[in-house]
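Asker: The following block contains the structure, expressed as C-alpha cells.
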Amino acid sequence: MAETTKTATLTIDGVSHDLAMYAPTDGPEVIDIRKLYAQAGVFTYDPGFTSTASCDSTITYIDGEKGILTHRGYPIGQLAKDSHYLEVCYLLLYGELPSAAQLEEFETLVTRHTMIHEQMHNFFRGFRRDAHPMATMVGVVGAMSAFYHDSTDINDPHQREVASIRLIAKMPTIAAMAYKYSIGQPFVYPRNDLDYASNFLRMCFSVPAEEYEVNPILARAMDRIFTLHADHEQNASTSTVRLASSSGANPFACIAAGIACLWGPAHGGANQACLEMLREIGTPDRIPEFIARAKDRNDPFRLMGFGHRVYKNFDPRAKVMKESADEVLDLLGVENNPTLQVAKELERVALEDPYFAEKKLYPNVDFYSGIILDAMGFPTSMFTPIFALARTVGWVSQWKEQLADPQLKIGRPRQLYLGAAQRDYVDIENR
Ligand code: SDX
C-alpha cells in the first residue's frame with residue numbers, strides 16, 4: 001500500500017473530514033474515501049468512474065495526456081519493437097523480464113497446455129454455425145470451469161498458476177476453433193513446434209487437404225497485435241474480471257465475464273465496428289458526410305476507433321499499429337488498400353477538425369488493427385475474439401494481483417437513489 005503523503009479536508013455543513021492521500025509512482029495522487037460514509041454519512045458520485053481509482057496496481061501505467069503506456073515500467077513501443085508476446089506475458093504475470101532460461105521454461109509450459117479437453121469439442125457443435133465467435137468464446141471459456149476442476153480453487157497458489165497458464169495457452173485454440181466452426185471447416189490441433197502466433201494462424205487457416213506454411217511476416221505482425229492488446233490498466237473488461245473475482249468466482253468464470261464485457265462496440269467490439277464503418281464510408285469523398293454525423297449530437301453515430309476515456313492524445317498503440325499496417329500491406333503486396341486509404345484520410349480530416357481537437361479525440365488501438373486483420377484474411381467477426389485472446393494475459397495478471405491483495409474485499413458500489421419514497425401497497429381493486 002502507498003504511503004500517506006498529505007491529507008485532504010472535506011467540509012460538509014460546517015463539519016470538516018480529513019481524508020488521507022497517497023502518492024503514486026506516476027500519475028495523479030488519490031484521496032482515500034473508504035471511511036467517508038462512516039465519518040460523514042455521504043457517498044461520492046462517479047458514474048462511469050471517470051475520477052475513481054478502483055485499486056492500486058503495479059502492472060500497467062497510462063498517461064492519457066502524454067500518450068504513454070508502460071507495462072511494468074517498459075514503454076509499449078519498445079516492447080512491440082524489441083520483445084514478443086509470450087515474453088510480455090511473462091513480464092505482466094511475474095513483474096520482470098525473464099532470463100533466457102526462464103523464458104524457455106515459460107514458453108514450453110504454455111506450448112504444452114494449448115490443447116483443450118477433447119470433450120469440449122462438443123460445446124462448439126451446440127452453437128449455430130452463424131453464432132458470433134464471441135458468443136462461442138464466452139460459452140466455452142465459462143465451460144472450462146466444468147472441466148478443469150484441479151485449477152478452480154482460488155485460495156491455492158498452485159491452482160491459480162495452473163489456471164493462468166491454461167487460460168493463456170488455450171485461448172488461441174478456442175478462438176481458432178470458434179472460427180473454424182463458423183466456417184464449417186474441421187478443427188485444427190495446435191502444434192508444439194510452432195510459436196504462439198504461428199500456431200494461432202495455422203489453427204485458423206490450415207486445412208487437412210494440404211500443407212500450410214505460416215508466413216513469417218504475418219506471424220510477426222500477429223504477435224505484435226497480441227502485444228499491443230495485452231493489458232490496459234483498469235478498462236471496462238479488466239474491471240469486470242476484478243469485480244467478478246472479488247466474489248470468489250473461479251478464474252474461468254471471471255475471464256468469461258471479461259470476454260462478455262469486451263464484446264461491446266464501445267470497448268473491444270470497436271475494431272469490428274471500425275472496419276465495418278470504413279467499408280461503409282467506402283471512398284474518401286464520403287468522409288465529410290460521416291464526420292458531420294459524428295459531430296451531430298442528435299445522431300448516435302460515432303467514429304469507431306476514435307476517442308478514449310483515458311487517452312487525450314494519440315493512443316501509443318495506434319501509432320505502432322499504423323506503422324504495422326503500412327508494413328504488412330506493403331509486404332503482402334496489397335497496394336493502395338482502399339480501406340487503408342479511407343482510414344488515413346479519415347484520420348487526417350478528423351484531426352484537422354476543431355470538434356475532434358477540442359474533445360481531444362484521436363485514433364485508438366482499434367482504428368488500424370482491423371485493417372491488418374482483414375489483410376491477413378480474418379473476417380470482421382474474428383477481430384474481437386483476437387482482442388480477447390491477446391487481453392487474456394492482462395485479465396489473468398490483474399486477477400492474480402487482486403487475489404494477492406490483503407485489502408481484497410467484495411466489490412459493492414452504492415448509488416444515488418432517485419426512485420419513489422416509501423409507500424404502502426394498494427390492492428388492485430383500489431388502483
Ligand atoms: C478500447 O478503457 C480502455 O483502456 C479501453 C481499451 C483497452 O485497451 O482496454 O483502450 C480498448 O475500448 C478503445 C476504445 C474503443 N471504442 C471506440 O473506438 C468506440 C468509439 N469511441 C467512443 O465510443 C468513446 O470515445 C469511448 C467510449 C471510447 C470513450 O468514451 P468516454 O470517455 O466516455 O467519452 P464520452 O463518450 O463522454 O465522449 C466525450 C465527448 C462526447 O461529446 P459531448 O457529449 O461531450 O458533447 O466526445 C464525444 C462524445 O459524444 N465522442 C465522440 C467519439 N468519442 C467521444 N464523438 C464522435 N466520435 C467518437 N468516436
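Chain lettering (A, B, ...) mirrors the order of the C-alpha cells, residue numbering begins at 1 for each chain separately, and ligand numbering begins at 1 in order of display.
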What's the 7 Å shell around region 342-356 of chain A, counting only C-alpha atoms, without same-chain residues fewer than 5 positions away, as JSON, numbers by chain?

Answerer: {"A": [278, 283, 284, 287, 295, 361]}

Asker: Just the selected residues (C-alpha atoms), exported as a PDB file, in the first residue's frame, please.

Answerer:
```pdb
ATOM      1  CA  LEU A 278     -14.578   2.235 -43.037  1.00  0.00           C
ATOM      2  CA  THR A 283     -14.372   6.184 -50.627  1.00  0.00           C
ATOM      3  CA  PRO A 284     -12.638   9.333 -49.302  1.00  0.00           C
ATOM      4  CA  ILE A 287     -15.772  11.167 -45.351  1.00  0.00           C
ATOM      5  CA  LYS A 295     -20.354  15.693 -34.704  1.00  0.00           C
ATOM      6  CA  LEU A 361     -10.418  12.627 -29.856  1.00  0.00           C
TER       7      LEU A 361
END
```

Asker: Could you list, as a VMD selection string, all the residues within 7 Å of ligand 1, counting only C-alpha atoms and all ligand atoms?

Answerer: chain A and resid 229 231 to 237 265 to 268 270 294 to 295 297 302 to 310 359 361 364 to 366

Asker: Take the residues from that selection and write them out as a short mmCIF file (atom, residue, chain, number, x, y, z; two decimals), in the first residue's frame, keeping C-alpha atoms.

Answerer:
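Saved result, again.cif, follows:
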```
data_model
loop_
_atom_site.label_atom_id
_atom_site.label_comp_id
_atom_site.auth_asym_id
_atom_site.auth_seq_id
_atom_site.Cartn_x
_atom_site.Cartn_y
_atom_site.Cartn_z
CA HIS A 229 -3.62 -5.62 -26.78
CA ASP A 231 -3.17 -5.18 -20.92
CA HIS A 232 -4.52 -1.69 -20.39
CA GLU A 233 -4.93 -0.75 -16.70
CA GLN A 234 -8.47 -0.79 -15.26
CA ASN A 235 -10.51 -0.75 -18.51
CA ALA A 236 -14.10 -1.96 -18.55
CA SER A 237 -13.38 -5.65 -19.16
CA PRO A 265 -18.72 -1.82 -29.55
CA ALA A 266 -17.63 0.94 -27.15
CA HIS A 267 -14.81 -1.35 -25.98
CA GLY A 268 -13.22 -4.32 -27.72
CA ALA A 270 -14.84 -1.31 -31.78
CA ALA A 294 -20.11 12.04 -35.75
CA LYS A 295 -20.35 15.69 -34.70
CA ARG A 297 -25.29 15.41 -31.04
CA ARG A 302 -19.64 7.87 -33.50
CA LEU A 303 -16.36 7.42 -35.37
CA MET A 304 -15.43 3.91 -34.32
CA GLY A 305 -11.76 3.54 -33.44
CA PHE A 306 -11.71 7.19 -32.33
CA GLY A 307 -11.70 8.61 -28.83
CA HIS A 308 -10.74 7.12 -25.49
CA ARG A 309 -11.68 7.58 -21.86
CA VAL A 310 -8.04 8.00 -20.85
CA LYS A 359 -12.74 16.99 -27.44
CA LEU A 361 -10.42 12.63 -29.86
CA ASN A 364 -7.23 4.46 -30.60
CA VAL A 365 -5.91 0.90 -30.73
CA ASP A 366 -8.95 -0.24 -32.73
#
```

Asker: Of the candidates A:Ile168, A:Ala80, A:Val141, A:Leu389, which one gets nearest to Glu107 (chain A) if we count only C-alpha atoms?

Answerer: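 When distances to Glu107 (chain A) are compared using only C-alpha atoms, the smallest one comes from A:Ile168.
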
Asker: At what distance in Å, to one decimal, does CA of Thr7 (chain A) lie from CA of Ala20 (chain A)?

Answerer: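 Going from CA of Ala20 (chain A) over to CA of Thr7 (chain A), I get 4.6 Å.
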
Asker: Just the residues within 9 Å of Tyr45 (chain A), please, counting only C-alpha atoms, with nothing from its chain fewer than 4 positions along; format it as a list in words.

Answerer: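 Once the nearby chain positions are removed, what remains is Phe49, Gln415 and Leu416 of chain A.
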
Asker: Show me, as an mmCIF file with C-alpha atoms, in the first residue's frame, the residues that have an atom within 12 Å of Ser54 (chain A) when counting only C-alpha atoms, minus same-chain residues fewer than 5 positions from it.

Answerer:
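Full text of part35.cif as output:
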```cif
data_model
loop_
_atom_site.group_PDB
_atom_site.id
_atom_site.type_symbol
_atom_site.label_atom_id
_atom_site.label_comp_id
_atom_site.auth_asym_id
_atom_site.auth_seq_id
_atom_site.Cartn_x
_atom_site.Cartn_y
_atom_site.Cartn_z
ATOM 1 C CA VAL A 30 -5.508 9.658 -4.756
ATOM 2 C CA ILE A 31 -7.850 10.548 -1.906
ATOM 3 C CA ASP A 32 -8.811 7.612 0.310
ATOM 4 C CA ILE A 33 -12.595 7.859 0.758
ATOM 5 C CA ARG A 34 -13.118 4.397 2.243
ATOM 6 C CA ASP A 46 -18.898 8.978 -10.136
ATOM 7 C CA GLY A 48 -18.546 5.668 -15.360
ATOM 8 C CA PHE A 49 -15.723 6.005 -12.829
ATOM 9 C CA GLU A 233 -4.926 -0.748 -16.702
ATOM 10 C CA GLN A 234 -8.474 -0.790 -15.261
ATOM 11 C CA ASN A 235 -10.506 -0.748 -18.513
ATOM 12 C CA ALA A 236 -14.104 -1.965 -18.548
ATOM 13 C CA THR A 238 -10.496 -5.798 -16.678
ATOM 14 C CA SER A 239 -12.689 -4.097 -14.079
ATOM 15 C CA THR A 240 -15.353 -6.718 -14.852
ATOM 16 C CA ARG A 242 -11.776 -7.873 -10.927
ATOM 17 C CA LEU A 243 -15.377 -7.380 -9.779
ATOM 18 C CA GLN A 402 -6.123 -8.697 -6.857
ATOM 19 C CA GLN A 407 -7.079 -5.441 1.209
ATOM 20 C CA LEU A 408 -9.283 -7.561 -1.104
ATOM 21 C CA LYS A 409 -12.983 -7.058 -0.350
ATOM 22 C CA ILE A 410 -16.029 -7.903 -2.444
ATOM 23 C CA GLY A 411 -16.745 -5.009 -4.800
ATOM 24 C CA ARG A 412 -20.106 -3.492 -3.903
ATOM 25 C CA PRO A 413 -20.736 0.103 -5.143
#
```

Asker: Where does DSSP see helix (DSSP H, G or I) in region 138-355 of chain A, if you list the residues as JSON, numbers by chain?

Answerer: {"A": [138, 139, 140, 141, 142, 143, 144, 145, 146, 149, 150, 151, 157, 158, 159, 160, 161, 162, 163, 164, 165, 166, 167, 168, 169, 170, 171, 172, 173, 174, 175, 176, 177, 178, 179, 180, 181, 182, 196, 197, 198, 199, 200, 201, 202, 203, 204, 205, 216, 217, 218, 219, 220, 221, 222, 223, 224, 225, 226, 227, 228, 236, 237, 238, 239, 240, 241, 242, 243, 244, 245, 246, 251, 252, 253, 254, 255, 256, 257, 258, 259, 260, 261, 262, 270, 271, 272, 273, 274, 275, 276, 277, 278, 279, 280, 281, 284, 285, 286, 287, 288, 289, 290, 291, 292, 293, 294, 295, 316, 317, 318, 319, 320, 321, 322, 323, 324, 325, 326, 327, 328, 329, 330, 331, 338, 339, 340, 341, 342, 343, 344, 345, 346, 347, 348, 349, 350, 351, 352, 354, 355]}
